[in-house]
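> Okay, so here is entry07.pdb, and as you'll see once you scroll down, it has PDB, C-alpha atoms.
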```pdb
ATOM      1  CA  MET A 231       9.592 -82.032 -92.205
ATOM      2  CA  GLU A 232       9.166 -84.884 -94.720
ATOM      3  CA  ASN A 233      10.805 -87.261 -92.217
ATOM      4  CA  PHE A 234       8.081 -86.402 -89.707
ATOM      5  CA  TYR A 235       5.383 -87.309 -92.237
ATOM      6  CA  GLN A 236       7.111 -90.660 -92.782
ATOM      7  CA  ASN A 237       7.031 -91.308 -89.015
ATOM      8  CA  ILE A 238       3.272 -90.824 -88.572
ATOM      9  CA  GLU A 239       2.511 -94.524 -88.599
ATOM     10  CA  ARG A 240       5.453 -95.316 -86.279
ATOM     11  CA  TYR A 241       4.198 -92.670 -83.857
ATOM     12  CA  LEU A 242       0.640 -94.053 -83.825
ATOM     13  CA  LEU A 243       1.966 -97.589 -83.276
ATOM     14  CA  GLY A 244       4.085 -96.417 -80.332
ATOM     15  CA  GLU A 245       7.386 -97.256 -82.036
ATOM     16  CA  LEU A 246       8.953 -93.807 -81.521
ATOM     17  CA  ALA A 247      10.886 -93.286 -78.320
ATOM     18  CA  GLY A 248      13.324 -90.888 -76.707
ATOM     19  CA  GLY A 249      14.479 -87.971 -78.802
ATOM     20  CA  ALA A 250      12.586 -89.121 -81.886
ATOM     21  CA  LEU A 251       9.285 -89.097 -79.967
ATOM     22  CA  THR A 252      10.003 -85.659 -78.464
ATOM     23  CA  ALA A 253      10.971 -84.220 -81.846
ATOM     24  CA  PHE A 254       7.837 -85.591 -83.488
ATOM     25  CA  GLU A 255       5.513 -84.227 -80.779
ATOM     26  CA  ASN A 256       7.220 -80.807 -80.998
ATOM     27  CA  ALA A 257       6.751 -80.903 -84.766
ATOM     28  CA  MET A 258       3.017 -81.574 -84.344
ATOM     29  CA  GLN A 259       2.702 -78.570 -82.032
ATOM     30  CA  SER A 260       4.392 -76.277 -84.567
ATOM     31  CA  ASP A 261       2.859 -77.735 -87.731
ATOM     32  CA  PRO A 262      -0.982 -77.843 -87.799
ATOM     33  CA  ALA A 263      -0.885 -79.705 -91.124
ATOM     34  CA  LEU A 264       1.170 -82.495 -89.574
ATOM     35  CA  ALA A 265      -1.194 -82.669 -86.600
ATOM     36  CA  LYS A 266      -4.171 -82.927 -88.967
ATOM     37  CA  SER A 267      -2.436 -85.702 -90.927
ATOM     38  CA  VAL A 268      -1.839 -87.614 -87.689
ATOM     39  CA  ALA A 269      -5.521 -87.347 -86.758
ATOM     40  CA  GLN A 270      -6.638 -88.499 -90.234
ATOM     41  CA  HIS A 271      -4.177 -91.394 -90.213
ATOM     42  CA  ARG A 272      -5.348 -92.441 -86.754
ATOM     43  CA  GLU A 273      -8.993 -92.525 -87.892
ATOM     44  CA  MET A 274      -8.034 -94.601 -90.923
ATOM     45  CA  MET A 275      -6.133 -97.086 -88.726
ATOM     46  CA  LEU A 276      -9.107 -97.404 -86.389
ATOM     47  CA  ARG A 277     -11.413 -98.210 -89.292
ATOM     48  CA  LEU A 278      -8.943-100.761 -90.681
ATOM     49  CA  ASP A 279      -8.612-102.405 -87.245
ATOM     50  CA  ALA A 280     -12.390-102.633 -86.968
ATOM     51  CA  LEU A 281     -12.620-104.184 -90.445
ATOM     52  CA  ARG A 282      -9.912-106.744 -89.629
ATOM     53  CA  LEU A 283     -11.630-107.656 -86.380
ATOM     54  CA  ARG A 284     -14.948-108.189 -88.146
ATOM     55  CA  ASN A 285     -13.285-110.432 -90.753
ATOM     56  CA  LYS A 286     -11.619-112.503 -87.993
ATOM     57  CA  VAL A 287     -14.932-112.946 -86.223
ATOM     58  CA  LYS A 288     -16.609-114.021 -89.461
ATOM     59  CA  SER A 289     -13.895-116.580 -90.224
ATOM     60  CA  ALA A 290     -13.973-117.890 -86.646
ATOM     61  CA  THR A 291     -17.744-118.342 -86.643
ATOM     62  CA  ALA A 292     -17.623-119.937 -90.095
ATOM     63  CA  SER A 293     -15.065-122.508 -88.912
ATOM     64  CA  GLN A 294     -17.212-123.322 -85.903
ATOM     65  CA  ARG A 295     -20.149-124.097 -88.194
ATOM     66  CA  VAL A 296     -18.221-126.421 -90.539
ATOM     67  CA  ASN A 297     -18.944-129.692 -88.787
ATOM     68  CA  PRO A 298     -21.255-129.312 -85.788
ATOM     69  CA  THR A 299     -22.082-133.065 -85.858
ATOM     70  CA  SER A 300     -18.488-134.109 -85.152
ATOM     71  CA  ILE A 301     -18.190-131.566 -82.337
ATOM     72  CA  ASN A 302     -21.396-132.825 -80.715
ATOM     73  CA  THR A 303     -20.221-136.451 -81.106
ATOM     74  CA  GLN A 304     -16.928-135.628 -79.390
ATOM     75  CA  ARG A 305     -18.780-133.956 -76.527
ATOM     76  CA  VAL A 306     -21.029-137.003 -76.077
ATOM     77  CA  PHE A 307     -18.007-139.330 -75.927
ATOM     78  CA  MET A 308     -16.284-137.021 -73.430
ATOM     79  CA  VAL A 309     -19.378-136.982 -71.185
ATOM     80  CA  ILE A 310     -19.678-140.791 -71.323
ATOM     81  CA  ALA A 311     -15.985-141.209 -70.510
ATOM     82  CA  ALA A 312     -16.269-138.819 -67.560
ATOM     83  CA  LEU A 313     -19.298-140.712 -66.216
ATOM     84  CA  LEU A 314     -17.456-144.032 -66.453
ATOM     85  CA  VAL A 315     -14.497-142.600 -64.536
ATOM     86  CA  LEU A 316     -16.819-141.234 -61.827
ATOM     87  CA  LEU A 317     -18.609-144.604 -61.509
ATOM     88  CA  ALA A 318     -15.315-146.472 -61.198
ATOM     89  CA  ALA A 319     -14.032-144.018 -58.584
ATOM     90  CA  SER A 320     -17.286-144.240 -56.590
ATOM     91  CA  PHE A 321     -17.157-148.054 -56.604
ATOM     92  CA  TRP A 322     -13.525-148.056 -55.425
ATOM     93  CA  PHE A 323     -14.147-145.568 -52.589
ATOM     94  CA  SER A 324     -17.264-147.464 -51.496
ATOM     95  CA  LYS A 325     -15.322-150.729 -51.366
ATOM     96  CA  GLN A 326     -12.465-149.152 -49.399
ATOM     97  CA  PHE A 327     -14.880-147.571 -46.918
ATOM     98  CA  SER A 328     -16.717-150.891 -46.353
ATOM     99  CA  GLU A 329     -13.475-152.784 -45.781
ATOM    100  CA  SER A 330     -12.244-150.112 -43.359
ATOM    101  CA  ARG A 331     -15.431-150.282 -41.285
ATOM    102  CA  SER A 332     -15.367-154.088 -41.137
ATOM    103  CA  GLU A 333     -11.749-154.068 -39.972
ATOM    104  CA  LYS A 334     -12.539-151.587 -37.175
ATOM    105  CA  ALA A 335     -15.535-153.639 -36.040
ATOM    106  CA  GLU A 336     -13.434-156.809 -35.822
ATOM    107  CA  SER A 337     -10.633-155.091 -33.883
ATOM    108  CA  GLN A 338     -12.925-153.597 -31.179
ATOM    109  CA  PRO A 339     -13.881-155.862 -28.201
ATOM    110  CA  GLN A 340     -17.528-156.794 -27.861
ATOM    111  CA  THR A 341     -19.163-155.249 -24.791
ATOM    112  CA  THR A 342     -22.587-155.736 -23.357
ATOM    113  CA  GLN A 343     -24.658-152.843 -22.133
ATOM    114  CA  PRO A 344     -25.909-153.077 -18.553
ATOM    115  CA  ASP A 345     -29.610-153.775 -18.163
ATOM    116  CA  THR A 346     -30.025-150.558 -16.186
ATOM    117  CA  LEU A 347     -29.080-148.514 -19.258
ATOM    118  CA  LYS A 348     -31.515-150.202 -21.610
ATOM    119  CA  THR A 349     -34.572-148.178 -22.651
ATOM    120  CA  PRO A 350     -37.847-149.707 -21.541
ATOM    121  CA  PRO A 351     -39.762-151.008 -24.581
ATOM    122  CA  ASN A 352     -42.870-148.918 -23.861
ATOM    123  CA  GLN A 353     -41.065-145.638 -23.107
ATOM    124  CA  ILE A 354     -41.455-142.903 -25.753
ATOM    125  CA  PRO A 355     -38.197-140.953 -26.358
ATOM    126  CA  THR A 356     -38.309-137.244 -25.555
ATOM    127  CA  PRO A 357     -38.226-135.187 -28.789
ATOM    128  CA  ILE A 358     -35.309-132.783 -29.288
ATOM    129  CA  PRO A 359     -36.340-129.112 -29.710
ATOM    130  CA  ASP A 360     -35.887-127.673 -33.217
ATOM    131  CA  GLU A 361     -33.319-125.142 -32.062
ATOM    132  CA  PHE A 362     -31.029-127.984 -30.989
ATOM    133  CA  GLN A 363     -31.504-130.040 -34.140
ATOM    134  CA  PRO A 364     -28.456-130.117 -36.432
ATOM    135  CA  LYS A 365     -29.071-127.815 -39.369
ATOM    136  CA  LYS A 366     -28.505-129.025 -42.896
ATOM    137  CA  PRO A 367     -26.019-126.954 -44.850
ATOM    138  CA  THR A 368     -27.664-124.808 -47.474
ATOM    139  CA  GLU A 369     -26.015-123.732 -50.686
ATOM    140  CA  LYS A 370     -25.455-119.985 -50.725
ATOM    141  CA  PRO A 371     -27.091-118.485 -53.828
ATOM    142  CA  LYS A 372     -24.922-116.568 -56.212
ATOM    143  CA  GLY A 373     -25.751-112.883 -55.988
ATOM    144  CA  LYS A 374     -24.655-109.429 -56.981
ATOM    145  CA  PRO A 375     -20.909-109.751 -56.135
ATOM    146  CA  GLN A 376     -20.628-112.653 -58.576
ATOM    147  CA  LEU A 377     -22.500-110.686 -61.249
ATOM    148  CA  ILE A 378     -20.233-107.656 -60.782
ATOM    149  CA  ALA A 379     -17.143-109.862 -61.023
ATOM    150  CA  LEU A 380     -18.484-111.388 -64.242
ATOM    151  CA  ALA A 381     -19.189-107.933 -65.727
ATOM    152  CA  ARG A 382     -15.694-106.702 -64.839
ATOM    153  CA  GLU A 383     -14.161-109.815 -66.424
ATOM    154  CA  PHE A 384     -15.729-109.006 -69.811
ATOM    155  CA  HIS A 385     -15.387-105.191 -69.627
ATOM    156  CA  ASP A 386     -13.881-103.638 -72.770
ATOM    157  CA  GLN A 387     -11.529-100.875 -71.605
ATOM    158  CA  PRO A 388     -10.533 -97.933 -73.878
ATOM    159  CA  SER A 389      -7.176 -98.444 -75.569
ATOM    160  CA  GLN A 390      -4.177 -96.687 -74.055
ATOM    161  CA  THR A 391      -3.534 -95.004 -77.407
ATOM    162  CA  PHE A 392      -7.000 -93.426 -77.383
ATOM    163  CA  VAL A 393      -6.676 -92.219 -73.778
ATOM    164  CA  ARG A 394      -3.157 -90.880 -74.343
ATOM    165  CA  ASP A 395      -4.233 -88.996 -77.464
ATOM    166  CA  ALA A 396      -7.233 -87.568 -75.613
ATOM    167  CA  ALA A 397      -4.898 -86.294 -72.904
ATOM    168  CA  GLN A 398      -2.774 -84.271 -75.332
ATOM    169  CA  GLN A 399      -3.915 -81.857 -78.006
ATOM    170  CA  ALA A 400      -1.589 -81.305 -80.939
ATOM    171  CA  GLY A 401      -0.542 -77.735 -81.629
ATOM    172  CA  ASP A 402      -2.021 -76.383 -78.390
ATOM    173  CA  THR A 403       0.379 -74.961 -75.790
ATOM    174  CA  SER A 404      -2.366 -73.557 -73.549
ATOM    175  CA  PRO A 405      -3.224 -75.180 -70.185
ATOM    176  CA  LYS A 406      -4.961 -78.542 -70.421
ATOM    177  CA  THR A 407      -8.725 -78.630 -70.623
ATOM    178  CA  GLN A 408     -10.934 -80.478 -68.166
ATOM    179  CA  THR A 409     -11.284 -83.359 -70.631
ATOM    180  CA  GLN A 410      -7.505 -83.627 -71.077
ATOM    181  CA  ARG A 411      -6.997 -83.680 -67.313
ATOM    182  CA  ALA A 412      -9.636 -86.396 -66.988
ATOM    183  CA  ALA A 413      -7.922 -88.428 -69.718
ATOM    184  CA  ASP A 414      -4.620 -88.025 -67.844
ATOM    185  CA  ALA A 415      -6.259 -89.334 -64.660
ATOM    186  CA  PHE A 416      -7.809 -92.280 -66.520
ATOM    187  CA  TYR A 417      -4.446 -93.121 -68.149
ATOM    188  CA  ASN A 418      -2.933 -93.278 -64.639
ATOM    189  CA  GLN A 419      -5.877 -95.461 -63.492
ATOM    190  CA  ASN A 420      -7.225 -92.754 -61.185
ATOM    191  CA  PHE A 421     -10.765 -93.513 -62.361
ATOM    192  CA  ARG A 422     -12.517 -91.699 -59.512
ATOM    193  CA  LEU A 423     -10.755 -88.431 -60.335
ATOM    194  CA  ALA A 424     -11.528 -88.870 -64.045
ATOM    195  CA  ALA A 425     -15.242 -89.315 -63.312
ATOM    196  CA  GLU A 426     -15.235 -86.330 -60.949
ATOM    197  CA  LEU A 427     -13.580 -84.032 -63.514
ATOM    198  CA  LEU A 428     -16.251 -84.935 -66.070
ATOM    199  CA  LYS A 429     -19.269 -84.941 -63.755
ATOM    200  CA  ASP A 430     -20.946 -82.008 -65.566
ATOM    201  CA  ASP A 431     -23.373 -83.422 -68.162
ATOM    202  CA  LYS A 432     -23.157 -80.256 -70.267
ATOM    203  CA  GLN A 433     -19.417 -80.815 -70.631
ATOM    204  CA  VAL A 434     -19.741 -84.282 -72.170
ATOM    205  CA  MET A 435     -22.916 -83.647 -74.161
ATOM    206  CA  GLN A 436     -21.038 -82.368 -77.225
ATOM    207  CA  ASP A 437     -17.844 -84.453 -76.746
ATOM    208  CA  GLU A 438     -18.259 -88.177 -77.374
ATOM    209  CA  GLY A 439     -14.669 -88.884 -76.341
ATOM    210  CA  ALA A 440     -15.209 -87.229 -72.960
ATOM    211  CA  ARG A 441     -18.465 -89.150 -72.412
ATOM    212  CA  TYR A 442     -16.741 -92.418 -73.349
ATOM    213  CA  ILE A 443     -13.962 -91.758 -70.809
ATOM    214  CA  ARG A 444     -16.507 -90.882 -68.111
ATOM    215  CA  ALA A 445     -18.586 -93.984 -68.831
ATOM    216  CA  ASN A 446     -15.594 -96.290 -68.420
ATOM    217  CA  ALA A 447     -14.356 -94.433 -65.354
ATOM    218  CA  ARG A 448     -17.773 -94.832 -63.721
ATOM    219  CA  PHE A 449     -17.798 -98.530 -64.604
ATOM    220  CA  ASN A 450     -14.375 -99.033 -63.004
ATOM    221  CA  ILE A 451     -15.432 -97.422 -59.707
ATOM    222  CA  GLY A 452     -18.722 -99.307 -59.534
ATOM    223  CA  GLN A 453     -21.114 -96.533 -60.616
ATOM    224  CA  PHE A 454     -22.882 -98.914 -63.003
ATOM    225  CA  SER A 455     -26.137 -96.940 -63.253
ATOM    226  CA  GLY A 456     -24.377 -93.758 -64.387
ATOM    227  CA  ALA A 457     -22.090 -95.742 -66.688
ATOM    228  CA  ALA A 458     -25.135 -97.389 -68.290
ATOM    229  CA  LYS A 459     -26.643 -93.969 -69.083
ATOM    230  CA  ASP A 460     -23.418 -92.795 -70.717
ATOM    231  CA  PHE A 461     -22.986 -95.986 -72.769
ATOM    232  CA  ASP A 462     -26.641 -95.810 -73.819
ATOM    233  CA  ALA A 463     -26.102 -92.240 -75.065
ATOM    234  CA  LEU A 464     -23.182 -93.458 -77.216
ATOM    235  CA  LYS A 465     -25.039 -96.284 -78.996
ATOM    236  CA  ASP A 466     -25.463 -94.152 -82.132
ATOM    237  CA  SER A 467     -21.853 -92.931 -82.122
ATOM    238  CA  PHE A 468     -19.809 -93.808 -85.212
ATOM    239  CA  GLN A 469     -16.590 -94.357 -83.267
ATOM    240  CA  PHE A 470     -17.880 -95.941 -80.033
ATOM    241  CA  ARG A 471     -21.205 -97.562 -80.961
ATOM    242  CA  HIS A 472     -20.036-101.188 -80.684
ATOM    243  CA  GLU A 473     -18.068-100.672 -77.460
ATOM    244  CA  ALA A 474     -20.940 -98.671 -75.956
ATOM    245  CA  ARG A 475     -23.479-101.354 -76.804
ATOM    246  CA  TRP A 476     -21.308-104.114 -75.324
ATOM    247  CA  ASN A 477     -20.464-102.263 -72.117
ATOM    248  CA  PHE A 478     -24.112-101.223 -71.653
ATOM    249  CA  LEU A 479     -24.936-104.938 -71.565
ATOM    250  CA  LEU A 480     -22.254-105.485 -68.878
ATOM    251  CA  CYS A 481     -23.776-102.669 -66.801
ATOM    252  CA  GLN A 482     -27.106-104.521 -66.856
ATOM    253  CA  ILE A 483     -25.381-107.643 -65.550
ATOM    254  CA  ALA A 484     -23.636-105.705 -62.769
ATOM    255  CA  LEU A 485     -26.979-104.118 -61.822
ATOM    256  CA  GLY A 486     -28.586-107.564 -61.573
ATOM    257  CA  ASN A 487     -30.861-107.175 -64.621
ATOM    258  CA  ILE A 488     -30.239-110.722 -65.852
ATOM    259  CA  GLU A 489     -33.307-111.043 -68.071
ATOM    260  CA  THR A 490     -32.476-107.787 -69.850
ATOM    261  CA  ALA A 491     -28.906-108.966 -70.288
ATOM    262  CA  LYS A 492     -30.050-112.311 -71.731
ATOM    263  CA  ASN A 493     -32.229-110.553 -74.326
ATOM    264  CA  LEU A 494     -29.389-108.229 -75.343
ATOM    265  CA  LEU A 495     -26.966-111.151 -75.589
ATOM    266  CA  ALA A 496     -29.352-113.119 -77.782
ATOM    267  CA  LYS A 497     -29.505-110.245 -80.279
ATOM    268  CA  MET A 498     -25.709-109.858 -80.320
ATOM    269  CA  VAL A 499     -25.168-113.566 -80.962
ATOM    270  CA  GLU A 500     -27.551-113.424 -83.949
ATOM    271  CA  GLU A 501     -25.421-110.710 -85.622
ATOM    272  CA  ASP A 502     -22.567-112.369 -87.525
ATOM    273  CA  ASP A 503     -20.717-109.070 -88.054
ATOM    274  CA  PHE A 504     -20.922-107.864 -84.438
ATOM    275  CA  PRO A 505     -17.285-107.306 -83.308
ATOM    276  CA  PHE A 506     -17.950-108.711 -79.824
ATOM    277  CA  ARG A 507     -19.904-111.791 -80.992
ATOM    278  CA  ALA A 508     -17.244-114.249 -79.810
ATOM    279  CA  LYS A 509     -17.252-112.682 -76.350
ATOM    280  CA  ALA A 510     -21.050-112.652 -76.390
ATOM    281  CA  LEU A 511     -21.133-116.415 -77.019
ATOM    282  CA  LYS A 512     -18.727-117.050 -74.142
ATOM    283  CA  LEU A 513     -20.607-114.727 -71.778
ATOM    284  CA  GLN A 514     -23.926-116.326 -72.745
ATOM    285  CA  GLY A 515     -22.518-119.716 -71.767
ATOM    286  CA  GLU A 516     -21.316-118.379 -68.405
ATOM    287  CA  ILE A 517     -24.747-116.935 -67.586
ATOM    288  CA  ILE A 518     -26.622-120.085 -68.626
ATOM    289  CA  LEU A 519     -24.266-122.282 -66.576
ATOM    290  CA  ASN A 520     -24.038-120.215 -63.397
ATOM    291  CA  PHE A 521     -27.104-117.974 -63.278
TER
END
```
Show how you would write the structure in this file as structure tokens.

Amino acid sequence: MENFYQNIERYLLGELAGGALTAFENAMQSDPALAKSVAQHREMMLRLDALRLRNKVKSATASQRVNPTSINTQRVFMVIAALLVLLAASFWFSKQFSESRSEKAESQPQTTQPDTLKTPPNQIPTPIPDEFQPKKPTEKPKGKPQLIALAREFHDQPSQTFVRDAAQQAGDTSPKTQTQRAADAFYNQNFRLAAELLKDDKQVMQDEGARYIRANARFNIGQFSGAAKDFDALKDSFQFRHEARWNFLLCQIALGNIETAKNLLAKMVEEDDFPFRAKALKLQGEIILNF
């Protein structure tokens, strides 16, 4: 059994396969102490991953603040260079177009219009009705489909390890619970079935993992209002508080609540230790540029 304890980390990292994986999972079912050690080790790894991510974000933001003057100077030079290229291209195309028109005019024979076709000087031309006037093309405003696409682009999905672990319960040979079946459906990307299996609010009220799966399943099938409620309920969760806060913001974008989303983004950007700060900066730029 000592070999199984040595393989805990390999199992959590997904390095076990074939007979070794089967033997380890059978050992967890028969040894509650081993199953408990796996759960404790998993929680420790999650906390270490979160700490590493926060340190990376801090170092990345610190490097961005080292020399803002040089970055701004480079941007100014790039803008000036781009403008010069555009001016040169516009001058060249204008010259080519003028030469082309002059060549066509010289090649066409000069014709005189018969006097009978000339418009009398005092005759007022008949106005063309508005319905027959050529309509100017109007730029189509960006709406909800673009906002939904943006929210889906930045959506933080649950890790496959978390969903797989939620689908199986160590040491339990009884039929799978509703939550385990929903996790199975989510793992197989059957998000609609996962949301349907967890539709009872009483079922997810005491199980943060089940609520987190339902929230992401609802987000994936476009039920952004229900997903927002679930993510909002998880904001005080120890395990999911950062992911819930981030995905709640994305629900507001998908629902078209841009001003609310801007306020939430501003607060996230101000927090140096927020794990999703880098994504928040990028998303803030996308919203300012396009919306």
> Can you turn the PyMOL selection byres ((chain A and resi 242) around 12) into a concrete residue list for this file, as an MDAnalysis selection string?
chainID A and resid 235:241 243:247 251 254:255 265 267:276 390:392 394:395
> Mind listing whatever residues come within 10 Å of the point (-23.1, -97.3, -70.2)? Use only C-alpha atoms, file coordinates, and give them as number ranges by chain.
A: 441-442, 444-446, 448-449, 453-465, 473-482
> Could you check which of A:Asn450, A:Asn487, A:Val309, A:Asp437 is closest to Gln469 of chain A, using all atoms listed in the file?
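Of all the options, A:Asp437 lies closest to Gln469 of chain A.
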> Report, in Å with one decimal, the straight-line distance from atom CA of Gly515 of chain A to atom CA of Lys286 of chain A.
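Value for the atom CA of Gly515 of chain A-atom CA of Lys286 of chain A distance: 20.8 Å.
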> When distances are computed from all atoms listed in the file, which of A:Ala447, A:Leu281, A:Ala311, A:Leu519 shows the smallest separation from Asp386 of chain A?
A:Ala447
> In Å, with one decimal, what is the gap from atom CA of Asn420 of chain A to atom CA of Val393 of chain A?
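Atom CA of Val393 of chain A lies 12.6 Å from atom CA of Asn420 of chain A.
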> Which one is closest to Asn520 of chain A: A:Leu377, A:Ser389, A:Asp502, A:Ala415? Count all atoms listed in the file.
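Residue with the minimum atom-to-atom distance to Asn520 of chain A: A:Leu377.
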> Enter the distance from atom CA of Ala381 of chain A to atom CA of Leu511 of chain A, in Å, rounded to one decimal.
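Between atom CA of Ala381 of chain A and atom CA of Leu511 of chain A the gap is 14.3 Å.
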> From the options A:Thr409, A:Ser404, A:Gln514, A:Asn256, which residue's atoms come nearest to Glu438 of chain A, counting all atoms listed in the file?
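Checking each candidate against Glu438 of chain A, we get A:Thr409 as the closest.
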> Which residues come within 10 Å of Lys492 of chain A, counting all atoms listed in the file, excluding same-chain residues fewer than 3 positions away, as a compact mmCIF listing (two decimals) with C-alpha atoms, in the coordinates of the input?

```txt
# COMPACT_ATOMS: atom_id res chain seq x y z
CA LEU A 479 -24.94 -104.94 -71.56
CA GLN A 482 -27.11 -104.52 -66.86
CA ILE A 483 -25.38 -107.64 -65.55
CA ASN A 487 -30.86 -107.18 -64.62
CA ILE A 488 -30.24 -110.72 -65.85
CA GLU A 489 -33.31 -111.04 -68.07
CA LEU A 495 -26.97 -111.15 -75.59
CA ALA A 496 -29.35 -113.12 -77.78
CA LYS A 497 -29.50 -110.24 -80.28
CA MET A 498 -25.71 -109.86 -80.32
CA LEU A 513 -20.61 -114.73 -71.78
CA GLN A 514 -23.93 -116.33 -72.74
CA ILE A 517 -24.75 -116.94 -67.59
CA ILE A 518 -26.62 -120.08 -68.63
```
> With distances taken over all atoms listed in the file, which of A:Lys288, A:Arg411, A:Arg282, A:His385 is nearest to Glu501 of chain A?
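Closest to Glu501 of chain A of all the choices is A:Lys288.
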> Using all atoms listed in the file, which of the listed residues (A:Ala440, A:Leu485, A:Leu264, A:Leu428) sits closest to Gly373 of chain A?
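Checking each candidate against Gly373 of chain A, we get A:Leu485 as the closest.
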> Check what the PyMOL selection byres ((chain A and resi 506) around 9) selects in the file above and give those residues as an MDAnalysis selection string.
chainID A and resid 284 287 472:473 476 498:499 503:505 507:511
